[in-house]
Amino acid sequence: RSNAEKFEFQAEVSRLMDIIINSLYSNKDIFLRELISNASDALDKIRFLSLTDKEILGEGDNTKLDIQIKLDKENKIISIRDRGIGMTKEDLIKNLGTIAKSGTSAFVEKMQTSGDLNLIGQFGVGFYSVYLVADYVEVISKHNDDKQHVWESKADGAFAISEDTWNEPLGRGTEIRLHLSDGAQEYLDEFKLKELVKKYSEFINFPIYLWASKEVDEEVPADEEDSSDEDDTDETKSDEEGEEEDAEKEEDEKKPKTKTVKKTTYEWELLNDVKAIWLRNPKEVTEEEYTKFYRSLAKDFSDEKPLAWSHFTAEGDVEFKALLFVPPKAPHDLYESYYNSNKSNLKLYVRRVFISDEFDELLPKYLNFLRGLVDSDTLPLNVSREMLQQHSSLKTIKKKLIRKALDMIRKLADEDPDESNDKDKTDIEESSDSNEKKGQYMKFWNEFGKSIKLGIIEDATNRNRLAKLLRFETTKSDGKLTSLDQYISRMKSGQKDIFYITGASKEQLEKSPFLERLTKKNYEVILFTDPVDEYLMQYLMDYEDKKFQNVSKEGLKIEKDSKDKELKESFKELTKWWKGALASENIDDVKISNRLADTPCVVVTSKYGWSANMERIMQSQTL
Ligand code: ADP
Ligand code: MG
C-alpha cells in the first residue's frame with residue numbers, strides 16, 4: 001500500500017516468530033485463547049477508564065463490551081474483534097513489534113529446546129502465537145486518541161503500518177484478521193472454534209460471540225417452496241398449526257398443505273457464560289471448574305492442577321469475595337524479582353469491574369506466588385487507582401487474605417497423608433481423595449518453601465503460623481523432611497530447647513563435632529543448610545514456648561553430668577592459662593564443655609555473634 005510505513009521487528013521478536021512458525025509439534029489451538037485474552041484485557045482497560053470518564057465509551061455499538069469472532073471460509077480468514085481500548089499508531093509499533101517484559105529471552109531459549117509454546121501467555125508474548133496458524137496477519141485498531149490504523153505482517157522480519165482508509169470504521173477497538181496458512185484450515189470450522197472457546201476461554205468476563213450458521217426449518221406452502229413472501233408463510237404456518245390439532249382427531253384424512261425446508265441463516269451465538277465464578281456458591285463449583293478458572297486466570301495451561309485453592313466471602317466492615325490459588329509450579333522469575341517488585345499476582349475487582357492486577361497492597365511480598373482475585377463491594381468505584389491504593393479498607397482485606405492463604409497452606413499439609421506422623425489420624429481421614437492429596441505438601445514445599453522462610457523473616461504477626469509450615473531435615477529424620485510440631489513431639493523429656501545447627505550441607509554438618517555429644521545422648525538436632533536459614537534463625541526465636549538453640553553457639557544446655565562441677569574445678573588453672581595465651585586471638589572465654597564426646601576442643605560462637613556458617617555466607621554473599 002502506498003501510505004504504508006515499514007518497520008523491522010526487534011531482533012528478539014523475530015527470533016521468537018521464527019520459532020513459532022517452525023514449531024511443527026506445538027499445539028496450534030492456543031492462538032485463539034491468546035487473542036481472546038488480549039481482547040478481554042483491552043475491554044477491561046476501557047471499562048476501567050469509563051468509571052471516571054463516562055464519555056470515553058462513546059455511544060451506540062461502541063458501548064457494547066464484547067468479543068466477536070467471525071469466519072470467512074471463502075477467503076480463509078478468522079477475525080476476532082473487540083470494542084476494547086484499541087491501539088494508537090504508537091501503540092501498534094510498540095506493542096506488536098517489541099518485547100518489553102523481562103524473561104522473554106529465557107522463554108525463547110526454553111522454547112528452542114522444549115518446543116512447547118503452551119506457556120507463551122505467561123511471558124507477555126502471546127500475540128505472536130497467531131503465526132502458528134496464519135501466514136499473514138492484519139491488526140486493525142482504533143483508539144479514541146488516534147485515527148484507525150492497520151498493522152500487517154507476513155512474519156518475514158518486518159511489519160507495516162498504514163492509516164486505514166479502506167476498511168469499515170471500527171468505532172473503537174481492535175480487529176485481528178488471521179489469513180490462515182494451508183496447514184491450519186481446520187480452524188475454519190465453527191464447531192472446532194466453539195470447542196476451543198469452551199475449553200480455554202470459558203471464564204472470560206465479557207461475552208464472546210461467534211457469527212454462527214444455523215439450520216432452521218421453514219414451513220413453506222407445499223407447491224410454492226421458493227416463496228419469499230414472509231407474511232404469506234407465517235399465515236400458512238398458523239393455519240397449519242390449527243389444522244394439526246384437528247388432524248390428530250381425524251388421522252390420515254388430511255394431506256399436508258405445506259412442507260419443511262432447511263434454510264441456513266447466521267446469527268451471533270453466545271459461547272460463554274459470563275457469570276463470574278467467584279460469585280457462585282463454592283459448594284456448587286466443581287473441582288474441574290476451579291482448575292479451568294485457575295488456568296485462564298494464571299495463563300498456566302500446563303497439565304497440572306493448582307495445589308490448593310480457597311474461595312471465600314468476607315463479611316463485616318469490609319465485604320469482599322476472594323479466590324486464591326497455589327499454583328502447581330513457581331514462576332520462573334519468582335525470586336529473581338523478589339527484591340525489586342512489590343507486584344502481587346492478585347486481580348482486584350470492585351463490584352465485578354476489573355481494576356488492576358498490579359496492586360501491591362493486597363498481599364505481602366512473600367505471598368506473591370499466589371494467584372487469584374479479590375472482588376470488593378466496599379471499595380469505591382469512581383476513584384483513581386492511586387486513591388484506591390491508599391484506601392483504608394485495603395489493610396483489612398490484606399489481613400484477611402494473609403490469614404486465609406496461610407490456612408489454605410496449612411490445610412494442604414493437614415490433608416496430606418504423607419505429612420502425618422499420627423497413625424490414628426490417618427486412619428480416620430482415610431478417604432477417597434486422600435490418595436490424590438498424598439505428597440502434595442512436599443510439592444508445595446519444594447516450589448515455595450523459600451517464600452515461607454521469607455515470610456517468617458518479614459511477617460512478625462504471622463511468624464508462628466508460618467513456622468508451623470516449615471519443613472527441614474534433622475539428625476533423626478532419615479533423609480525426609482519434618483516439621484517443628486513433629487520435632488517437639490519427639491523431644492526427650494527434660495529437653496527445653498529446640499536444637500539446630502546451620503551449615504553448607506547435611507554431609508558436612510553430620511561430621512560436626514558440635515553434634516557428637518547430642519547424638520550420643522539421643523537428642524535430635526535440626527540441620528539447616530539453605531543460606532536463607534541463617535537469616536531465618538535470626539528472626540525465629542521461639543516456637544510454642546520453646547527457644548531455639550544453635551548448638552554451635554554459646555548457651556547450649558544439655559543434661560548436667562554430676563562430674564561437671566568437679567571437672568570445672570580441676571581444669572581451672574588450664575582454662576585460665578589458655579584464655580591468657582589466646583587473648584590476642586579474638587577469643588572471649590575458655591570453658592569446660594559438656595557438648596563434646598570425642599573431639600578434644602571446639603571453637604564456639606558467642607550467643608549474639610555470627611555463627612561460622614553466617615561468616616561463610618557473608619563472605620561469599622550467596623543469598
Ligand atoms: P500481553 O497480553 O501479555 O501483554 P501479548 O503479546 O498478548 O502480551 O500482547 C502484547 C500487547 O499488545 C498487549 O500488552 C497490548 O498492549 C497489545 N494488544 C494486543 N491485543 C490487543 C487488543 N485486542 N487490544 C488492544 N491492545 C492489544
Ligand atoms: Mg496477551
# chains A, B, ... in the order shown; residues from 1 in each chain; ligands from 1

$ select_by_dssp --residues "region 21-246 of chain A" --states "strand (DSSP E)" --output "PyMOL selection string"
chain A and resi 67-72+77-82+134-142+149-153+158-163+173-180+208-221

$ residues_near_ligand --ligand "ligand 2" --cutoff "7 Å" --atoms "only C-alpha atoms and all ligand atoms" --output "PyMOL selection string"
chain A and resi 34-35+37-38+121+124-127

$ write_last_selection --atoms "N, CA and C atoms" --output "PDB file, in the first residue's frame"
ATOM      1  N   GLU A  34      -5.171 -16.822  23.294  1.00  0.00           N
ATOM      2  CA  GLU A  34      -4.309 -15.647  23.468  1.00  0.00           C
ATOM      3  C   GLU A  34      -4.989 -14.400  22.913  1.00  0.00           C
ATOM      4  N   LEU A  35      -5.639 -14.530  21.766  1.00  0.00           N
ATOM      5  CA  LEU A  35      -6.314 -13.371  21.181  1.00  0.00           C
ATOM      6  C   LEU A  35      -7.522 -12.967  22.021  1.00  0.00           C
ATOM      7  N   SER A  37      -7.838 -13.489  25.179  1.00  0.00           N
ATOM      8  CA  SER A  37      -7.317 -12.914  26.414  1.00  0.00           C
ATOM      9  C   SER A  37      -6.881 -11.455  26.192  1.00  0.00           C
ATOM     10  N   ASN A  38      -6.281 -11.169  25.048  1.00  0.00           N
ATOM     11  CA  ASN A  38      -5.909  -9.788  24.744  1.00  0.00           C
ATOM     12  C   ASN A  38      -7.141  -8.903  24.566  1.00  0.00           C
ATOM     13  N   GLY A 121       1.644 -17.317  26.964  1.00  0.00           N
ATOM     14  CA  GLY A 121       0.886 -16.210  27.532  1.00  0.00           C
ATOM     15  C   GLY A 121       1.501 -15.646  28.801  1.00  0.00           C
ATOM     16  N   GLY A 124       4.155 -12.725  28.221  1.00  0.00           N
ATOM     17  CA  GLY A 124       3.825 -11.435  27.616  1.00  0.00           C
ATOM     18  C   GLY A 124       4.091 -11.375  26.126  1.00  0.00           C
ATOM     19  N   VAL A 125       4.056 -12.518  25.444  1.00  0.00           N
ATOM     20  CA  VAL A 125       4.258 -12.508  24.003  1.00  0.00           C
ATOM     21  C   VAL A 125       3.204 -13.359  23.285  1.00  0.00           C
ATOM     22  N   GLY A 126       2.058 -13.530  23.965  1.00  0.00           N
ATOM     23  CA  GLY A 126       1.006 -14.400  23.447  1.00  0.00           C
ATOM     24  C   GLY A 126       0.528 -14.013  22.048  1.00  0.00           C
ATOM     25  N   PHE A 127       0.555 -12.722  21.753  1.00  0.00           N
ATOM     26  CA  PHE A 127       0.055 -12.271  20.456  1.00  0.00           C
ATOM     27  C   PHE A 127       0.705 -13.025  19.299  1.00  0.00           C
TER      28      PHE A 127
END

$ residues_near_ligand --ligand "ligand 1" --cutoff "8 Å" --atoms "only C-alpha atoms and all ligand atoms" --output "JSON, numbers by chain"
{"A": [34, 35, 36, 37, 38, 39, 40, 41, 42, 43, 81, 82, 84, 85, 86, 87, 91, 92, 95, 96, 121, 122, 123, 124, 125, 126, 127, 128, 141, 173, 174, 175, 176]}

$ closest_residue --among "A:Ala308, A:Ile67, A:Met442, A:Ala155" --to "Ser14 (chain A)" --atoms "only C-alpha atoms"
A:Ala155

$ atom_distance --atom1 "CA of Lys400 (chain A)" --atom2 "CA of Leu307 (chain A)"
20.4 Å

$ closest_residue --among "A:Gly555, A:Pro513, A:Pro364, A:Gly479" --to "Ile526 (chain A)" --atoms "only C-alpha atoms"
A:Gly479
